[in-house]
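Just my_file-v1.pdb here, PDB, C-alpha atoms:
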```pdb
ATOM      1  CA  MET A  12     -35.747 -26.529 -25.301  1.00  0.00           C
ATOM      2  CA  VAL A  13     -34.055 -23.310 -26.295  1.00  0.00           C
ATOM      3  CA  PHE A  14     -32.090 -23.611 -29.530  1.00  0.00           C
ATOM      4  CA  GLY A  15     -31.637 -27.324 -29.039  1.00  0.00           C
ATOM      5  CA  MET A  16     -30.152 -27.109 -25.497  1.00  0.00           C
ATOM      6  CA  SER A  17     -31.182 -29.517 -22.823  1.00  0.00           C
ATOM      7  CA  ASP A  18     -32.113 -28.457 -19.303  1.00  0.00           C
ATOM      8  CA  ALA A  19     -28.787 -29.777 -18.022  1.00  0.00           C
ATOM      9  CA  GLU A  20     -26.856 -27.681 -20.531  1.00  0.00           C
ATOM     10  CA  LEU A  21     -28.832 -24.564 -19.634  1.00  0.00           C
ATOM     11  CA  GLU A  22     -28.284 -25.197 -15.928  1.00  0.00           C
ATOM     12  CA  MET A  23     -24.560 -25.623 -16.551  1.00  0.00           C
ATOM     13  CA  LEU A  24     -24.423 -22.327 -18.475  1.00  0.00           C
ATOM     14  CA  LEU A  25     -26.363 -20.563 -15.718  1.00  0.00           C
ATOM     15  CA  GLN A  26     -23.978 -21.909 -13.067  1.00  0.00           C
ATOM     16  CA  LYS A  27     -20.975 -20.811 -15.120  1.00  0.00           C
ATOM     17  CA  ARG A  28     -22.420 -17.319 -15.557  1.00  0.00           C
ATOM     18  CA  LYS A  29     -23.234 -17.129 -11.842  1.00  0.00           C
ATOM     19  CA  LYS A  30     -19.632 -17.986 -10.940  1.00  0.00           C
ATOM     20  CA  GLU A  31     -18.351 -15.331 -13.365  1.00  0.00           C
ATOM     21  CA  LEU A  32     -20.615 -12.709 -11.795  1.00  0.00           C
ATOM     22  CA  GLU A  33     -19.520 -13.713  -8.286  1.00  0.00           C
ATOM     23  CA  LYS A  34     -15.869 -13.343  -9.308  1.00  0.00           C
ATOM     24  CA  MET A  35     -16.575  -9.907 -10.791  1.00  0.00           C
ATOM     25  CA  LEU A  36     -18.366  -8.822  -7.618  1.00  0.00           C
ATOM     26  CA  ALA A  37     -15.522 -10.067  -5.420  1.00  0.00           C
ATOM     27  CA  ALA A  38     -12.992  -8.206  -7.583  1.00  0.00           C
ATOM     28  CA  LYS A  39     -15.030  -4.993  -7.339  1.00  0.00           C
ATOM     29  CA  GLN A  40     -15.302  -5.348  -3.564  1.00  0.00           C
ATOM     30  CA  GLU A  41     -11.578  -5.972  -3.284  1.00  0.00           C
ATOM     31  CA  GLU A  42     -10.825  -2.900  -5.408  1.00  0.00           C
ATOM     32  CA  GLN A  43     -13.187  -0.795  -3.293  1.00  0.00           C
ATOM     33  CA  ALA A  44     -11.513  -1.981  -0.073  1.00  0.00           C
ATOM     34  CA  ARG A  45      -8.094  -1.189  -1.551  1.00  0.00           C
ATOM     35  CA  ARG A  46      -9.256   2.304  -2.542  1.00  0.00           C
ATOM     36  CA  GLU A  47     -10.687   2.944   0.927  1.00  0.00           C
ATOM     37  CA  GLU A  48      -7.440   1.819   2.547  1.00  0.00           C
ATOM     38  CA  GLU A  49      -5.435   4.110   0.270  1.00  0.00           C
ATOM     39  CA  LEU A  50      -7.711   7.051   1.114  1.00  0.00           C
ATOM     40  CA  ARG A  51      -7.316   6.311   4.827  1.00  0.00           C
ATOM     41  CA  ARG A  52      -3.526   6.215   4.466  1.00  0.00           C
ATOM     42  CA  GLU A  53      -3.526   9.498   2.510  1.00  0.00           C
ATOM     43  CA  ALA A  54      -5.676  11.163   5.188  1.00  0.00           C
ATOM     44  CA  ILE A  55      -3.264  10.087   7.922  1.00  0.00           C
ATOM     45  CA  LEU A  56      -0.261  11.321   5.937  1.00  0.00           C
ATOM     46  CA  ARG A  57      -2.047  14.620   5.256  1.00  0.00           C
ATOM     47  CA  GLN A  58      -2.461  15.042   9.016  1.00  0.00           C
ATOM     48  CA  ILE A  59       1.147  14.273   9.956  1.00  0.00           C
ATOM     49  CA  LEU A  60       3.163  15.709   7.031  1.00  0.00           C
ATOM     50  CA  THR A  61       3.460  19.215   5.650  1.00  0.00           C
ATOM     51  CA  SER A  62       2.767  19.596   1.927  1.00  0.00           C
ATOM     52  CA  ASP A  63       6.506  19.758   1.141  1.00  0.00           C
ATOM     53  CA  ALA A  64       7.145  16.559   3.100  1.00  0.00           C
ATOM     54  CA  ARG A  65       4.238  14.817   1.337  1.00  0.00           C
ATOM     55  CA  GLU A  66       5.673  15.850  -2.033  1.00  0.00           C
ATOM     56  CA  ARG A  67       9.096  14.487  -1.074  1.00  0.00           C
ATOM     57  CA  LEU A  68       7.566  11.202   0.045  1.00  0.00           C
ATOM     58  CA  ALA A  69       5.591  10.992  -3.218  1.00  0.00           C
ATOM     59  CA  ARG A  70       8.790  11.502  -5.236  1.00  0.00           C
ATOM     60  CA  ILE A  71      10.548   8.835  -3.188  1.00  0.00           C
ATOM     61  CA  LYS A  72       7.672   6.433  -3.855  1.00  0.00           C
ATOM     62  CA  LEU A  73       7.989   7.107  -7.587  1.00  0.00           C
ATOM     63  CA  ALA A  74      11.735   6.491  -7.615  1.00  0.00           C
ATOM     64  CA  ARG A  75      11.840   3.635  -5.101  1.00  0.00           C
ATOM     65  CA  PRO A  76       8.319   2.315  -4.437  1.00  0.00           C
ATOM     66  CA  ASP A  77       9.390  -0.300  -1.893  1.00  0.00           C
ATOM     67  CA  PHE A  78      11.450   2.171   0.145  1.00  0.00           C
ATOM     68  CA  GLY A  79       8.755   4.862  -0.065  1.00  0.00           C
ATOM     69  CA  LEU A  80       6.103   2.436   1.106  1.00  0.00           C
ATOM     70  CA  LEU A  81       8.330   1.294   3.959  1.00  0.00           C
ATOM     71  CA  ILE A  82       8.830   4.885   5.163  1.00  0.00           C
ATOM     72  CA  GLU A  83       5.133   5.600   4.698  1.00  0.00           C
ATOM     73  CA  ASN A  84       4.226   2.549   6.796  1.00  0.00           C
ATOM     74  CA  GLN A  85       6.653   3.617   9.514  1.00  0.00           C
ATOM     75  CA  LEU A  86       5.179   7.124   9.647  1.00  0.00           C
ATOM     76  CA  ILE A  87       1.600   5.828   9.728  1.00  0.00           C
ATOM     77  CA  SER A  88       2.505   3.389  12.473  1.00  0.00           C
ATOM     78  CA  LEU A  89       4.039   6.185  14.539  1.00  0.00           C
ATOM     79  CA  ALA A  90       0.996   8.364  13.967  1.00  0.00           C
ATOM     80  CA  LEU A  91      -1.458   5.638  14.952  1.00  0.00           C
ATOM     81  CA  SER A  92       0.492   4.910  18.131  1.00  0.00           C
ATOM     82  CA  GLY A  93       0.368   8.608  19.055  1.00  0.00           C
ATOM     83  CA  ARG A  94       4.122   9.160  18.840  1.00  0.00           C
ATOM     84  CA  ILE A  95       3.805  11.995  16.283  1.00  0.00           C
ATOM     85  CA  ARG A  96       2.389  15.080  17.943  1.00  0.00           C
ATOM     86  CA  GLU A  97       2.923  17.753  15.275  1.00  0.00           C
ATOM     87  CA  LYS A  98       3.299  17.847  11.516  1.00  0.00           C
ATOM     88  CA  ILE A  99       6.603  16.614  10.156  1.00  0.00           C
ATOM     89  CA  THR A 100       8.309  19.181   7.954  1.00  0.00           C
ATOM     90  CA  ASP A 101      10.372  18.473   4.865  1.00  0.00           C
ATOM     91  CA  ALA A 102      13.594  19.064   6.816  1.00  0.00           C
ATOM     92  CA  GLN A 103      12.479  16.649   9.536  1.00  0.00           C
ATOM     93  CA  LEU A 104      11.545  14.053   6.920  1.00  0.00           C
ATOM     94  CA  LYS A 105      15.027  14.414   5.385  1.00  0.00           C
ATOM     95  CA  GLU A 106      16.546  13.708   8.796  1.00  0.00           C
ATOM     96  CA  ILE A 107      14.301  10.676   9.286  1.00  0.00           C
ATOM     97  CA  LEU A 108      15.364   9.379   5.873  1.00  0.00           C
ATOM     98  CA  LYS A 109      19.049   9.959   6.635  1.00  0.00           C
ATOM     99  CA  GLN A 110      18.754   8.136   9.954  1.00  0.00           C
ATOM    100  CA  TYR A 111      16.917   5.254   8.354  1.00  0.00           C
ATOM    101  CA  LEU A 112      19.456   4.951   5.538  1.00  0.00           C
ATOM    102  CA  ARG A 113      22.348   5.057   8.024  1.00  0.00           C
ATOM    103  CA  GLN A 114      20.713   2.396  10.160  1.00  0.00           C
ATOM    104  CA  SER A 115      19.883   0.145   7.215  1.00  0.00           C
ATOM    105  CA  THR A 116      23.396   0.354   5.774  1.00  0.00           C
ATOM    106  CA  ARG A 117      24.852  -0.590   9.162  1.00  0.00           C
ATOM    107  CA  GLU A 118      22.527  -3.570   9.380  1.00  0.00           C
ATOM    108  CA  SER A 119      23.161  -4.734   5.841  1.00  0.00           C
ATOM    109  CA  ARG A 120      26.945  -4.802   6.024  1.00  0.00           C
ATOM    110  CA  ILE A 121      28.435  -8.217   5.569  1.00  0.00           C
ATOM    111  CA  GLU A 122      31.731  -8.802   7.220  1.00  0.00           C
ATOM    112  CA  ILE A 123      33.957 -11.591   5.991  1.00  0.00           C
ATOM    113  CA  ARG A 124      36.734 -12.665   8.307  1.00  0.00           C
ATOM    114  CA  ARG A 125      39.452 -14.850   6.944  1.00  0.00           C
ATOM    115  CA  LYS A 126      41.321 -17.210   9.184  1.00  0.00           C
TER     116      LYS A 126
END
```
Using structure tokens, write down the structure from this file.
Amino acid sequence: MVFGMSDAELEMLLQKRKKELEKMLAAKQEEQARREEELRREAILRQILTSDARERLARIKLARPDFGLLIENQLISLALSGRIREKITDAQLKEILKQYLRQSTRESRIEIRRK
């Protein structure tokens, strides 16, 4: 016996420690997968956006993370499907944003008709 612990108590402590280590390993693997995905996304955006357009998108993500991520996902989807053939400039990105905002405001209008 170690310090008055029974074999059952030691086994229980070992099992608890093993579970903690497994959780830590899973968390590290999840973080690594997240980092790899982010690097992959950045590489795609680097290929399809000019530096000015990337800066604009980064500023949008800072101000409105959900909207920036939505636009980023749309651009990546277009790139992966082969629909983007050349780099998107800052001016082109502005137009894309304007079109998207116009479309989303049209879709989000609620019309109340009184009888």
Looking at all atoms listed in the file, which of A:Leu104, A:Met16, A:Ala44, A:Met35 is the one that sits closest to Asp63 of chain A?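 Closest to Asp63 of chain A, using all atoms listed in the file: A:Leu104.
Within the 8 Å cut-off around segment 55-58 of chain A, using only C-alpha atoms and omitting residues fewer than 6 positions from it on the same chain, the listed residues are Arg65, Glu83, Leu86, Ile87, Ala90 and Lys98 of chain A.
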As lines of an AutoDock Vina configuration file, please report the centre and edge lengths, rounded to one decimal in Å, of the axis-aligned box that holds all listed atoms of segment 27-36 of chain A with 8 Å of padding on each of the six sides.
```
center_x = -19.6
center_y = -14.8
center_z = -11.6
size_x = 23.4
size_y = 28.0
size_z = 23.9
```
Straight-line distance linking atom CA of Met23 of chain A with atom CA of Glu41 of chain A, stated in Å to one decimal: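 Result for atom CA of Met23 of chain A versus atom CA of Glu41 of chain A: 27.0 Å, one decimal.
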Here is a test: counting all atoms listed in the file, which residue of A:Arg125, A:Arg52, A:Gln43, A:Arg113 is nearest to Leu91 of chain A?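 The shortest atom-to-atom distance to Leu91 of chain A comes from A:Arg52.
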Separation of atom CA of Arg67 of chain A from atom CA of Asp101 of chain A, in Å and rounded to one decimal: 7.3 Å
As an exercise, work out the distance from atom CA of Phe78 of chain A to atom CA of Leu112 of chain A in Å and give it to one decimal place.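 Distance between the two atoms: 10.0 Å.
Among the candidates A:Glu49, A:Tyr111, A:Glu22, A:Ser17, the residue lying nearest to Gln85 of chain A is A:Tyr111 (atoms considered: only C-alpha atoms).
Of the listed residues (A:Gln40, A:Glu53, A:Ala64, A:Lys27), A:Ala64 comes nearest to Glu106 of chain A; the distances count all atoms listed in the file.
Among the candidate residues A:Arg94, A:Glu42, A:Leu108, A:Ala102, the one lying nearest to Leu81 of chain A is A:Leu108, with distances computed using all atoms listed in the file.
Among the candidates A:Glu48, A:Glu31, A:Glu97, A:Glu66, the one nearest to Gly79 of chain A when counting all atoms listed in the file is A:Glu66.
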If the PyMOL selection byres ((chain A and resi 99) around 6) were run on this exact file, what residues would it hold? Put them as a CSV table (one decimal) with C-alpha atoms, keeping the file's coordinate frame.
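File produced: expr_25.csv:
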```csv
chain,number,residue,atom,x,y,z
A,59,ILE,CA,1.1,14.3,10.0
A,60,LEU,CA,3.2,15.7,7.0
A,98,LYS,CA,3.3,17.8,11.5
A,100,THR,CA,8.3,19.2,8.0
A,103,GLN,CA,12.5,16.6,9.5
```
